[in-house]
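Source file: coords.txt (compact mmCIF, C-alpha atoms)
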# COMPACT_ATOMS: atom_id res chain seq x y z
CA MET A 28 -21.27 -6.36 -7.57
CA SER A 29 -20.17 -8.90 -10.15
CA GLU A 30 -16.68 -10.35 -9.79
CA GLY A 31 -14.02 -8.49 -11.69
CA LYS A 32 -16.03 -5.26 -11.95
CA GLU A 33 -14.42 -2.43 -10.05
CA THR A 34 -16.62 0.20 -8.48
CA TYR A 35 -15.65 3.18 -6.42
CA LYS A 36 -16.35 2.80 -2.69
CA PRO A 37 -14.54 5.44 -0.66
CA PRO A 38 -13.95 4.57 3.00
CA PRO A 39 -15.47 6.62 5.83
CA LYS A 40 -13.62 9.61 7.17
CA LEU A 41 -11.85 8.74 10.39
CA THR A 42 -13.01 10.51 13.53
CA ASN A 43 -11.76 10.39 17.11
CA ARG A 44 -13.18 8.01 19.70
CA GLU A 45 -13.55 5.23 17.15
CA THR A 46 -12.49 1.65 17.85
CA ILE A 47 -9.45 0.61 15.86
CA GLY A 48 -8.83 -3.07 15.24
CA ILE A 49 -5.21 -4.24 15.07
CA VAL A 50 -4.43 -7.42 13.15
CA ALA A 51 -1.41 -9.49 12.14
CA PRO A 52 -2.32 -11.23 8.86
CA ALA A 53 1.32 -11.78 7.88
CA SER A 54 4.28 -11.87 10.30
CA ALA A 55 4.31 -11.33 14.05
CA ALA A 56 5.55 -8.06 15.54
CA ASP A 57 7.97 -7.25 18.33
CA SER A 58 5.97 -7.02 21.55
CA GLN A 59 7.62 -3.82 22.83
CA LYS A 60 7.08 -2.01 19.53
CA THR A 61 3.50 -3.27 19.47
CA GLU A 62 2.82 -1.91 22.97
CA LYS A 63 4.38 1.44 22.05
CA GLY A 64 2.28 1.64 18.86
CA ILE A 65 -0.92 0.82 20.73
CA ALA A 66 -0.13 3.45 23.36
CA TYR A 67 0.35 5.96 20.54
CA LEU A 68 -3.13 5.23 19.18
CA HIS A 69 -4.62 5.58 22.68
CA ASP A 70 -2.89 8.94 22.99
CA GLN A 71 -4.62 9.98 19.75
CA GLY A 72 -7.98 9.33 21.43
CA PHE A 73 -8.81 5.92 19.96
CA GLN A 74 -9.91 2.71 21.58
CA THR A 75 -8.32 -0.49 20.31
CA LYS A 76 -9.29 -4.11 19.85
CA LEU A 77 -6.39 -6.52 19.44
CA ALA A 78 -6.19 -9.77 17.50
CA PRO A 79 -4.71 -12.49 19.76
CA ASN A 80 -1.80 -13.26 17.43
CA LEU A 81 -0.02 -9.90 17.15
CA ASN A 82 3.16 -11.26 18.77
CA GLN A 83 2.55 -14.97 18.18
CA GLU A 84 5.48 -16.34 16.20
CA LEU A 85 5.21 -19.46 14.08
CA ASN A 86 8.50 -19.34 12.21
CA TYR A 87 8.01 -16.28 9.95
CA LEU A 88 4.23 -16.20 10.37
CA ALA A 89 1.96 -14.75 13.07
CA GLY A 90 0.29 -18.08 13.74
CA THR A 91 -1.23 -20.66 11.44
CA ASP A 92 -3.02 -19.73 8.23
CA SER A 93 -6.37 -20.65 9.74
CA GLU A 94 -5.73 -18.47 12.83
CA ARG A 95 -4.62 -15.43 10.86
CA ALA A 96 -7.55 -15.74 8.45
CA GLN A 97 -10.03 -16.26 11.28
CA TYR A 98 -8.97 -13.13 13.17
CA LEU A 99 -8.89 -11.03 10.01
CA ASN A 100 -12.39 -12.17 8.98
CA GLU A 101 -13.73 -11.54 12.47
CA PHE A 102 -12.39 -7.99 12.53
CA LEU A 103 -13.63 -7.26 9.00
CA GLN A 104 -17.14 -8.32 10.01
CA ASP A 105 -17.11 -6.63 13.43
CA ASP A 106 -19.56 -3.69 13.31
CA ASP A 107 -17.85 -2.05 16.29
CA ILE A 108 -14.60 -1.68 14.31
CA SER A 109 -14.49 1.05 11.67
CA THR A 110 -10.75 1.02 11.03
CA ILE A 111 -8.19 -1.78 10.85
CA PHE A 112 -4.45 -1.23 11.18
CA CYS A 113 -1.99 -4.02 10.44
CA VAL A 114 0.64 -4.42 13.14
CA ARG A 115 3.37 -5.10 10.55
CA GLY A 116 4.00 -6.69 7.16
CA GLY A 117 6.65 -9.35 6.67
CA TYR A 118 5.23 -12.34 4.83
CA GLY A 119 2.11 -14.47 4.90
CA MET A 120 -0.79 -12.43 3.52
CA MET A 121 -0.80 -14.29 0.20
CA ARG A 122 -1.26 -17.60 2.03
CA ILE A 123 -4.67 -16.56 3.36
CA LEU A 124 -6.17 -14.56 0.48
CA ASP A 125 -8.33 -17.51 -0.50
CA ARG A 126 -9.64 -17.73 3.09
CA ILE A 127 -11.06 -14.19 3.22
CA ASP A 128 -14.84 -14.21 3.16
CA PHE A 129 -15.42 -11.57 0.50
CA ASP A 130 -19.06 -12.65 0.05
CA ALA A 131 -19.80 -11.72 3.66
CA LEU A 132 -18.46 -8.22 3.02
CA LYS A 133 -20.29 -7.36 -0.21
CA ASN A 134 -23.21 -5.68 1.52
CA ARG A 135 -21.16 -4.06 4.27
CA SER A 136 -19.84 -0.53 4.31
CA PRO A 137 -16.11 -0.22 3.59
CA LYS A 138 -13.68 -0.05 6.48
CA ASN A 139 -10.46 1.90 6.65
CA ILE A 140 -7.69 -0.69 6.22
CA ILE A 141 -4.10 0.49 6.62
CA GLY A 142 -0.79 -1.24 5.97
CA TYR A 143 1.95 -1.62 3.36
CA SER A 144 4.63 -4.03 2.15
CA ASP A 145 3.12 -7.55 2.35
CA ILE A 146 -0.30 -5.97 2.96
CA THR A 147 -0.25 -4.86 -0.71
CA VAL A 148 -1.90 -8.13 -1.72
CA LEU A 149 -4.79 -7.58 0.70
CA GLN A 150 -5.35 -4.06 -0.61
CA PHE A 151 -5.27 -5.13 -4.26
CA ALA A 152 -7.71 -7.94 -3.48
CA PHE A 153 -10.16 -5.57 -1.78
CA LEU A 154 -10.08 -3.25 -4.77
CA LYS A 155 -10.65 -6.12 -7.19
CA LYS A 156 -13.26 -8.08 -5.24
CA LEU A 157 -15.19 -5.30 -3.49
CA GLY A 158 -14.05 -1.97 -4.91
CA TRP A 159 -13.00 -0.86 -1.43
CA ILE A 160 -10.52 2.00 -1.22
CA THR A 161 -7.84 1.13 1.35
CA TYR A 162 -4.66 2.87 2.49
CA SER A 163 -1.03 2.06 1.90
CA GLY A 164 0.30 3.64 5.07
CA PRO A 165 2.06 3.27 8.43
CA MET A 166 1.61 0.24 10.67
CA VAL A 167 1.36 -0.10 14.43
CA ALA A 168 4.65 -1.76 15.38
CA SER A 169 6.72 -0.98 12.29
CA ASP A 170 6.08 2.76 12.38
CA MET A 171 4.08 3.98 15.39
CA GLY A 172 6.10 1.72 17.66
CA ALA A 173 9.41 2.86 16.20
CA ASP A 174 10.72 6.27 15.14
CA PHE A 175 7.47 7.65 13.73
CA SER A 176 8.47 10.71 11.72
CA SER A 177 6.36 13.85 11.97
CA TYR A 178 6.05 13.87 8.17
CA SER A 179 4.60 10.35 8.03
CA GLU A 180 2.36 11.06 11.00
CA LYS A 181 1.01 14.25 9.43
CA TRP A 182 0.13 12.59 6.14
CA LEU A 183 -1.43 9.53 7.78
CA TRP A 184 -4.02 11.51 9.74
CA LYS A 185 -4.48 14.10 7.00
CA ILE A 186 -5.45 11.42 4.47
CA LEU A 187 -7.49 9.25 6.86
CA ARG A 188 -9.50 12.17 8.16
CA GLN A 189 -10.01 13.56 4.63
CA GLY A 190 -10.28 17.14 5.77
CA SER A 191 -10.47 18.06 2.10
CA ASP A 192 -11.82 16.19 -0.92
CA SER A 193 -8.65 16.89 -2.89
CA PHE A 194 -4.99 16.69 -1.83
CA GLN A 195 -1.75 17.59 -3.51
CA LEU A 196 0.79 14.99 -2.44
CA LYS A 197 4.07 16.64 -1.50
CA ASN A 198 7.48 15.21 -0.74
CA PRO A 199 9.47 16.36 2.31
CA GLU A 200 11.18 19.69 1.65
CA ASN A 201 14.62 18.07 1.39
CA LYS A 202 13.56 15.44 -1.18
CA ASP A 203 12.58 16.55 -4.67
CA ILE A 204 10.33 14.49 -6.93
CA GLU A 205 12.18 13.91 -10.21
CA VAL A 206 10.97 13.56 -13.80
CA TYR A 207 12.05 10.56 -15.85
CA ARG A 208 9.56 11.21 -18.67
CA SER A 209 7.34 14.23 -19.11
CA GLY A 210 3.59 14.25 -19.56
CA SER A 211 0.31 14.10 -17.68
CA ALA A 212 -2.01 11.28 -16.67
CA GLU A 213 -5.07 10.51 -14.61
CA GLY A 214 -6.77 7.40 -13.30
CA GLN A 215 -7.09 5.33 -10.16
CA LEU A 216 -3.98 5.35 -7.98
CA LEU A 217 -2.54 1.86 -7.54
CA PRO A 218 0.34 1.90 -5.03
CA GLY A 219 2.14 -1.17 -3.76
CA CYS A 220 5.32 -3.10 -3.10
CA LEU A 221 6.73 -4.25 -6.46
CA THR A 222 7.45 -7.81 -5.31
CA LEU A 223 3.86 -8.34 -4.20
CA VAL A 224 2.38 -6.61 -7.26
CA SER A 225 4.38 -8.99 -9.44
CA CYS A 226 3.25 -12.03 -7.41
CA LEU A 227 -0.45 -11.18 -7.92
CA LEU A 228 -0.31 -10.88 -11.71
CA GLY A 229 -2.69 -13.29 -13.39
CA THR A 230 -4.56 -14.16 -10.19
CA GLN A 231 -8.20 -13.46 -9.36
CA TYR A 232 -7.05 -10.95 -6.73
CA CYS A 233 -5.26 -8.54 -9.06
CA PRO A 234 -7.20 -5.48 -10.25
CA SER A 235 -7.00 -4.25 -13.81
CA PHE A 236 -4.10 -1.93 -14.62
CA GLU A 237 -6.00 -0.16 -17.38
CA ASN A 238 -5.78 3.62 -16.99
CA LYS A 239 -4.17 3.28 -13.56
CA ILE A 240 -1.37 5.39 -12.14
CA LEU A 241 0.93 2.70 -10.78
CA VAL A 242 3.14 3.58 -7.80
CA ILE A 243 5.82 1.04 -6.87
CA GLU A 244 8.55 0.64 -4.25
CA ASP A 245 10.54 -2.19 -2.70
CA ILE A 246 13.16 -3.17 -0.16
CA GLY A 247 16.06 -5.61 -0.06
CA GLU A 248 15.99 -6.68 -3.70
CA THR A 249 19.17 -7.05 -5.74
CA GLY A 250 19.56 -5.18 -8.99
CA TYR A 251 18.92 -8.24 -11.11
CA ASN A 252 15.79 -9.11 -9.14
CA LEU A 253 14.38 -5.62 -9.64
CA ASP A 254 15.09 -6.20 -13.33
CA ARG A 255 13.18 -9.50 -13.16
CA LEU A 256 10.21 -7.96 -11.33
CA LEU A 257 9.87 -5.04 -13.74
CA THR A 258 10.33 -7.35 -16.72
CA THR A 259 7.52 -9.52 -15.33
CA LEU A 260 5.23 -6.49 -15.34
CA LYS A 261 6.22 -5.80 -18.93
CA LEU A 262 5.59 -9.37 -20.07
CA HIS A 263 2.13 -9.29 -18.47
CA GLY A 264 1.28 -6.17 -20.47
CA VAL A 265 1.07 -3.86 -17.47
CA PHE A 266 3.02 -1.08 -19.16
CA GLU A 267 0.66 -1.20 -22.13
CA GLU A 268 -2.32 -0.50 -19.84
CA ILE A 269 -1.25 2.06 -17.23
CA SER A 270 -1.64 5.79 -17.78
CA GLY A 271 1.29 6.81 -15.57
CA LEU A 272 4.09 5.42 -13.42
CA ILE A 273 5.57 6.75 -10.17
CA LEU A 274 8.62 5.22 -8.52
CA GLY A 275 8.97 5.47 -4.78
CA SER A 276 12.03 4.35 -2.83
CA PHE A 277 13.98 1.19 -3.56
CA ILE A 278 16.16 0.73 -0.50
CA ASN A 279 18.71 -1.88 0.57
CA THR A 280 19.03 -3.09 -3.01
CA ASN A 281 22.63 -4.14 -2.46
CA ASP A 282 23.58 -2.33 -5.65
CA GLU A 283 26.63 -0.94 -3.88
CA GLU A 284 27.88 -4.53 -3.59
CA ASP A 285 26.80 -5.49 -7.11
CA GLU A 286 29.07 -3.78 -9.61
CA LYS A 287 27.09 -5.28 -12.50
CA ALA A 288 23.72 -3.87 -11.43
CA PHE A 289 22.08 -1.42 -13.83
CA PRO A 290 21.48 2.09 -12.48
CA ILE A 291 17.71 2.53 -12.13
CA ASN A 292 17.47 4.99 -15.03
CA GLU A 293 19.27 2.60 -17.38
CA LEU A 294 16.94 -0.16 -16.27
CA LEU A 295 13.96 2.06 -17.04
CA ASP A 296 15.45 2.92 -20.44
CA ASP A 297 15.55 -0.77 -21.33
CA LEU A 298 12.15 -1.76 -19.97
CA ILE A 299 9.84 1.22 -20.49
CA GLY A 300 11.75 3.31 -23.02
CA ASP A 301 9.33 2.41 -25.82
CA TYR A 302 6.21 3.62 -23.96
CA ASP A 303 4.94 7.17 -23.74
CA PHE A 304 3.27 7.40 -20.31
CA PRO A 305 4.71 9.98 -17.87
CA VAL A 306 7.10 8.76 -15.18
CA LEU A 307 8.08 10.40 -11.90
CA THR A 308 10.78 9.08 -9.55
CA ASN A 309 12.05 9.75 -6.01
CA PHE A 310 8.50 9.88 -4.62
CA ALA A 311 8.21 9.77 -0.81
CA TYR A 312 6.69 6.30 -0.70
CA GLY A 313 8.08 2.98 0.45
CA HIS A 314 9.92 1.33 3.31
CA ILE A 315 11.31 4.66 4.43
CA GLU A 316 11.04 6.86 7.50
CA GLU A 317 9.35 9.78 5.76
CA ARG A 318 6.53 8.27 3.72
CA LEU A 319 3.22 9.38 2.29
CA THR A 320 -0.02 7.54 3.00
CA LEU A 321 -1.59 6.66 -0.35
CA PRO A 322 -5.20 5.56 -0.93
CA VAL A 323 -5.35 2.42 -3.06
CA GLY A 324 -7.92 3.01 -5.80
CA VAL A 325 -8.69 6.72 -5.36
CA HIS A 326 -8.80 8.96 -8.43
CA ALA A 327 -5.48 10.71 -9.08
CA GLN A 328 -3.77 13.07 -11.48
CA MET A 329 -0.08 13.52 -12.21
CA ASN A 330 1.74 16.21 -14.18
CA THR A 331 5.42 16.82 -14.78
CA GLU A 332 5.40 20.49 -15.87
CA PRO A 333 5.11 21.64 -13.17
CA ILE A 334 5.46 18.50 -11.04
CA ASP A 335 2.11 17.86 -9.42
CA VAL A 336 0.53 14.70 -7.97
CA ARG A 337 -2.93 14.96 -6.45
CA ILE A 338 -5.79 12.73 -5.37
CA ASN A 339 -9.52 13.39 -5.26
CA PHE A 340 -11.95 11.38 -3.13
CA GLN A 341 -15.00 12.71 -4.97
CA GLU A 342 -14.22 11.52 -8.52
How does this structure look as structure tokens?
Amino acid sequence: MSEGKETYKPPPKLTNRETIGIVAPASAADSQKTEKGIAYLHDQGFQTKLAPNLNQELNYLAGTDSERAQYLNEFLQDDDISTIFCVRGGYGMMRILDRIDFDALKNRSPKNIIGYSDITVLQFAFLKKLGWITYSGPMVASDMGADFSSYSEKWLWKILRQGSDSFQLKNPENKDIEVYRSGSAEGQLLPGCLTLVSCLLGTQYCPSFENKILVIEDIGETGYNLDRLLTTLKLHGVFEEISGLILGSFINTNDEEDEKAFPINELLDDLIGDYDFPVLTNFAYGHIEERLTLPVGVHAQMNTEPIDVRINFQE
């Protein structure tokens, strides 16, 4: 596959009794939460293989760049491992993107790779460099080792096991998806943390946004920084290329302490008001307890009348 050309490579359906690799390519995780998350996977019938640095703290990193890259490369090339879960996000994945041996993976079958937040950059890079479909979904310590909601758990295994070729993605019953702008769209689903999406723009690891349905979320950003991040997407021409936009949850934005912050709809009016692609908000995706697992790069469709978001592994 030539660099820059995206092809569709769906991952294998997950089955029981497989060996799951657990890595820490960004920050280290709490040891008790890690143990609880690993025990959860064992209870699901899986075997696990653990990277040595899961709880190894080096300031805000899980070890040195060379260590984190080494363990990640080893697990990616390990034929006994079909699925890789990240133990947590945090920060550090961007520091080792240029150390991933993509050439060694070009002739290998895709693996299931699951994570979110800082892991966004890894998932975007795999789509760009290899065309691998990965999963923006729960992590071992952050979710399985904490209060793992039944909603998040259901959607994780439902999507990974791909019991059907097509899925309609549904919010929890008490949380309605909302329409900011009506319409319909289709294209590859591109979900990720807004901060990390913005950081990748213009790099060799960022996939094309043309005809994509972009799904974004974030945590802990002030109102003016969300403005900056969305404006950065606009200045890079992202909104001229995408076919649709879905907003997940933006939590801990400190807007309640920032009287000058724009409400999200006013911010959208200013930044995407001149475009015509459909926009949905309040999607169950992000740093939240009840979250969907979303395949990065799978074909998707969205409609606003009626509200309908679905993915299809066979297109």
Name all residues at most 9 Å from region 156-162 of chain A (count only C-alpha atoms; drop same-chain ones fewer than 6 positions away) and give them as a VMD selection string. chain A and resid 28 to 38 129 132 to 133 136 to 143 150 186 to 187 231 to 234 320 to 325
Please, what distance in Å, to one decimal, runs between CA of Lys287 (chain A) and CA of Glu248 (chain A)?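 Between these atoms lies a distance of 14.2 Å.
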Looking at A:Leu99, A:Leu88, A:Val167, A:Leu228, which one is nearest to Thr259 (chain A), with distances taken over only C-alpha atoms?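 For Thr259 (chain A), the nearest of the candidates is A:Leu228.
Separating CA of Ile127 (chain A) from CA of Lys40 (chain A) is a distance of 24.3 Å.
A straight line drawn from CA of Cys226 (chain A) to CA of Gln328 (chain A) is 26.4 Å long.
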Contacts of region 202-213 of chain A at 8 Å or less, counting all atoms listed in the file, minus same-chain residues fewer than 5 places along, as a PyMOL selection string? chain A and resi 238-240+270-271+292+303-311+326-332+334
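If you count all atoms listed in the file and ignore residues fewer than 3 places along the chain from Trp184 (chain A), what sits within 12 Å of it is Lys40, Leu41, Thr42, Asn43, Leu68, Gln71, Asn139, Ile141, Tyr162, Gly164, Pro165, Ser177, Tyr178, Ser179, Glu180, Lys181, Leu187, Arg188, Gln189, Gly190, Ser191, Leu319, Thr320 and Leu321 of chain A.
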The selected residues should be written to file as a tab-separated table (two decimals), in the coordinates of the input (atoms: C-alpha atoms).
chain	number	residue	atom	x	y	z
A	40	LYS	CA	-13.62	9.61	7.17
A	41	LEU	CA	-11.85	8.74	10.39
A	42	THR	CA	-13.01	10.51	13.53
A	43	ASN	CA	-11.76	10.39	17.11
A	68	LEU	CA	-3.13	5.23	19.18
A	71	GLN	CA	-4.62	9.98	19.75
A	139	ASN	CA	-10.46	1.90	6.65
A	141	ILE	CA	-4.10	0.49	6.62
A	162	TYR	CA	-4.66	2.87	2.49
A	164	GLY	CA	0.30	3.64	5.07
A	165	PRO	CA	2.06	3.27	8.43
A	177	SER	CA	6.36	13.85	11.97
A	178	TYR	CA	6.05	13.87	8.17
A	179	SER	CA	4.60	10.35	8.03
A	180	GLU	CA	2.36	11.06	11.00
A	181	LYS	CA	1.01	14.25	9.43
A	187	LEU	CA	-7.49	9.25	6.86
A	188	ARG	CA	-9.50	12.17	8.16
A	189	GLN	CA	-10.01	13.56	4.63
A	190	GLY	CA	-10.28	17.14	5.77
A	191	SER	CA	-10.47	18.06	2.10
A	319	LEU	CA	3.22	9.38	2.29
A	320	THR	CA	-0.02	7.54	3.00
A	321	LEU	CA	-1.59	6.66	-0.35
Region 119-123 of chain A surroundings by only C-alpha atoms, 9 Å radius, close-in-sequence under 2 positions cut, as a list in words: Pro52, Ala53, Ser54, Tyr87, Leu88, Ala89, Asp92, Ser93, Arg95, Ala96, Gly116, Gly117, Asp125, Arg126, Ile127, Asp145, Ile146, Thr147, Val148, Leu149, Leu223, Cys226 and Leu227 of chain A
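Each of A:Thr110, A:Asn100, A:Gln83, A:Thr61 was compared to Arg44 (chain A) using all atoms listed in the file, and A:Thr110 turns out to be the nearest.
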Where is the centre and how long are the edges: axis-aligned box on region 125-136 of chain A, 4 Å on each side, Å to one decimal, as lines of an AutoDock Vina configuration file:
center_x = -15.8
center_y = -9.1
center_z = 1.9
size_x = 22.9
size_y = 25.2
size_z = 12.8
With all atoms listed in the file as the basis for distance, which of A:Ser193, A:Asn339, A:Ser176, A:Gln59 is at the shortest distance from Glu316 (chain A)?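 Among the listed residues, A:Ser176 lies closest to Glu316 (chain A).
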Under the rule that all atoms listed in the file are counted, which of A:Gly264, A:Pro290, A:Pro79, A:Gly275 is the nearest residue to Ser225 (chain A)?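 Among the listed residues, the smallest separation from Ser225 (chain A) belongs to A:Gly264.
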If we count only C-alpha atoms and set the cut-off at 6 Å, which residues sit around Cys113 (chain A), ignoring sequence neighbours fewer than 4 positions away in its own chain? Please answer as a compact mmCIF listing (two decimals) with C-alpha atoms, in the coordinates of the input.
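Writing the result to part-v7.txt gives the following:
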# COMPACT_ATOMS: atom_id res chain seq x y z
CA ILE A 49 -5.21 -4.24 15.07
CA VAL A 50 -4.43 -7.42 13.15
CA ALA A 51 -1.41 -9.49 12.14
CA GLY A 142 -0.79 -1.24 5.97
CA MET A 166 1.61 0.24 10.67
Minimum-distance residue to Gly219 (chain A), chosen among A:Ile299, A:Leu272, A:Ala173, A:Ala56 (using only C-alpha atoms): A:Leu272
Reconstruct region 141-169 of chain A at the level of N, CA and C atoms, and format the result as a PDB file, keeping the file's coordinate frame.
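Done, and the output landed in rebuild.pdb:
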ATOM      1  N   ILE A 141      -5.393  -0.177   6.819  1.00  0.00           N
ATOM      2  CA  ILE A 141      -4.100   0.490   6.620  1.00  0.00           C
ATOM      3  C   ILE A 141      -2.948  -0.484   6.824  1.00  0.00           C
ATOM      4  N   GLY A 142      -2.003  -0.440   5.896  1.00  0.00           N
ATOM      5  CA  GLY A 142      -0.790  -1.240   5.970  1.00  0.00           C
ATOM      6  C   GLY A 142       0.001  -1.065   4.685  1.00  0.00           C
ATOM      7  N   TYR A 143       1.163  -1.670   4.599  1.00  0.00           N
ATOM      8  CA  TYR A 143       1.950  -1.620   3.360  1.00  0.00           C
ATOM      9  C   TYR A 143       2.825  -2.860   3.296  1.00  0.00           C
ATOM     10  N   SER A 144       3.740  -2.896   2.339  1.00  0.00           N
ATOM     11  CA  SER A 144       4.630  -4.030   2.150  1.00  0.00           C
ATOM     12  C   SER A 144       3.814  -5.282   1.809  1.00  0.00           C
ATOM     13  N   ASP A 145       3.848  -6.318   2.641  1.00  0.00           N
ATOM     14  CA  ASP A 145       3.120  -7.550   2.350  1.00  0.00           C
ATOM     15  C   ASP A 145       1.608  -7.330   2.307  1.00  0.00           C
ATOM     16  N   ILE A 146       1.125  -6.259   2.918  1.00  0.00           N
ATOM     17  CA  ILE A 146      -0.300  -5.970   2.960  1.00  0.00           C
ATOM     18  C   ILE A 146      -0.801  -5.495   1.587  1.00  0.00           C
ATOM     19  N   THR A 147       0.122  -5.217   0.660  1.00  0.00           N
ATOM     20  CA  THR A 147      -0.250  -4.860  -0.710  1.00  0.00           C
ATOM     21  C   THR A 147      -1.246  -5.842  -1.300  1.00  0.00           C
ATOM     22  N   VAL A 148      -1.029  -7.132  -1.080  1.00  0.00           N
ATOM     23  CA  VAL A 148      -1.900  -8.130  -1.720  1.00  0.00           C
ATOM     24  C   VAL A 148      -3.324  -8.057  -1.172  1.00  0.00           C
ATOM     25  N   LEU A 149      -3.468  -7.736   0.111  1.00  0.00           N
ATOM     26  CA  LEU A 149      -4.790  -7.580   0.700  1.00  0.00           C
ATOM     27  C   LEU A 149      -5.493  -6.367   0.087  1.00  0.00           C
ATOM     28  N   GLN A 150      -4.763  -5.285  -0.082  1.00  0.00           N
ATOM     29  CA  GLN A 150      -5.350  -4.060  -0.610  1.00  0.00           C
ATOM     30  C   GLN A 150      -5.740  -4.210  -2.079  1.00  0.00           C
ATOM     31  N   PHE A 151      -4.913  -4.872  -2.867  1.00  0.00           N
ATOM     32  CA  PHE A 151      -5.270  -5.130  -4.260  1.00  0.00           C
ATOM     33  C   PHE A 151      -6.500  -6.029  -4.348  1.00  0.00           C
ATOM     34  N   ALA A 152      -6.567  -7.020  -3.464  1.00  0.00           N
ATOM     35  CA  ALA A 152      -7.710  -7.940  -3.480  1.00  0.00           C
ATOM     36  C   ALA A 152      -9.004  -7.229  -3.115  1.00  0.00           C
ATOM     37  N   PHE A 153      -8.956  -6.315  -2.161  1.00  0.00           N
ATOM     38  CA  PHE A 153     -10.160  -5.570  -1.780  1.00  0.00           C
ATOM     39  C   PHE A 153     -10.629  -4.667  -2.909  1.00  0.00           C
ATOM     40  N   LEU A 154      -9.696  -4.082  -3.636  1.00  0.00           N
ATOM     41  CA  LEU A 154     -10.080  -3.250  -4.770  1.00  0.00           C
ATOM     42  C   LEU A 154     -10.722  -4.105  -5.857  1.00  0.00           C
ATOM     43  N   LYS A 155     -10.131  -5.258  -6.115  1.00  0.00           N
ATOM     44  CA  LYS A 155     -10.650  -6.120  -7.190  1.00  0.00           C
ATOM     45  C   LYS A 155     -11.979  -6.748  -6.820  1.00  0.00           C
ATOM     46  N   LYS A 156     -12.074  -7.304  -5.626  1.00  0.00           N
ATOM     47  CA  LYS A 156     -13.260  -8.080  -5.240  1.00  0.00           C
ATOM     48  C   LYS A 156     -14.428  -7.210  -4.793  1.00  0.00           C
ATOM     49  N   LEU A 157     -14.125  -6.092  -4.107  1.00  0.00           N
ATOM     50  CA  LEU A 157     -15.190  -5.300  -3.490  1.00  0.00           C
ATOM     51  C   LEU A 157     -15.206  -3.839  -3.926  1.00  0.00           C
ATOM     52  N   GLY A 158     -14.130  -3.382  -4.565  1.00  0.00           N
ATOM     53  CA  GLY A 158     -14.050  -1.970  -4.910  1.00  0.00           C
ATOM     54  C   GLY A 158     -13.751  -1.074  -3.725  1.00  0.00           C
ATOM     55  N   TRP A 159     -13.295  -1.652  -2.611  1.00  0.00           N
ATOM     56  CA  TRP A 159     -13.000  -0.860  -1.430  1.00  0.00           C
ATOM     57  C   TRP A 159     -11.693  -0.079  -1.607  1.00  0.00           C
ATOM     58  N   ILE A 160     -11.730   1.188  -1.259  1.00  0.00           N
ATOM     59  CA  ILE A 160     -10.520   2.000  -1.220  1.00  0.00           C
ATOM     60  C   ILE A 160      -9.850   1.761   0.141  1.00  0.00           C
ATOM     61  N   THR A 161      -8.591   1.352   0.116  1.00  0.00           N
ATOM     62  CA  THR A 161      -7.840   1.130   1.350  1.00  0.00           C
ATOM     63  C   THR A 161      -6.619   2.052   1.353  1.00  0.00           C
ATOM     64  N   TYR A 162      -5.769   1.931   2.357  1.00  0.00           N
ATOM     65  CA  TYR A 162      -4.660   2.870   2.490  1.00  0.00           C
ATOM     66  C   TYR A 162      -3.320   2.164   2.636  1.00  0.00           C
ATOM     67  N   SER A 163      -2.396   2.513   1.763  1.00  0.00           N
ATOM     68  CA  SER A 163      -1.030   2.060   1.900  1.00  0.00           C
ATOM     69  C   SER A 163      -0.320   3.053   2.815  1.00  0.00           C
ATOM     70  N   GLY A 164      -0.209   2.684   4.093  1.00  0.00           N
ATOM     71  CA  GLY A 164       0.300   3.640   5.070  1.00  0.00           C
ATOM     72  C   GLY A 164       0.897   2.965   6.284  1.00  0.00           C
ATOM     73  N   PRO A 165       1.316   3.753   7.261  1.00  0.00           N
ATOM     74  CA  PRO A 165       2.060   3.270   8.430  1.00  0.00           C
ATOM     75  C   PRO A 165       1.338   2.192   9.228  1.00  0.00           C
ATOM     76  N   MET A 166       2.142   1.351   9.879  1.00  0.00           N
ATOM     77  CA  MET A 166       1.610   0.240  10.670  1.00  0.00           C
ATOM     78  C   MET A 166       1.980   0.425  12.147  1.00  0.00           C
ATOM     79  N   VAL A 167       1.309  -0.346  12.992  1.00  0.00           N
ATOM     80  CA  VAL A 167       1.360  -0.100  14.430  1.00  0.00           C
ATOM     81  C   VAL A 167       2.749  -0.317  15.023  1.00  0.00           C
ATOM     82  N   ALA A 168       3.331  -1.485  14.810  1.00  0.00           N
ATOM     83  CA  ALA A 168       4.650  -1.760  15.380  1.00  0.00           C
ATOM     84  C   ALA A 168       5.762  -1.190  14.511  1.00  0.00           C
ATOM     85  N   SER A 169       5.645  -1.371  13.210  1.00  0.00           N
ATOM     86  CA  SER A 169       6.720  -0.980  12.290  1.00  0.00           C
ATOM     87  C   SER A 169       6.977   0.521  12.291  1.00  0.00           C
TER      88      SER A 169
END
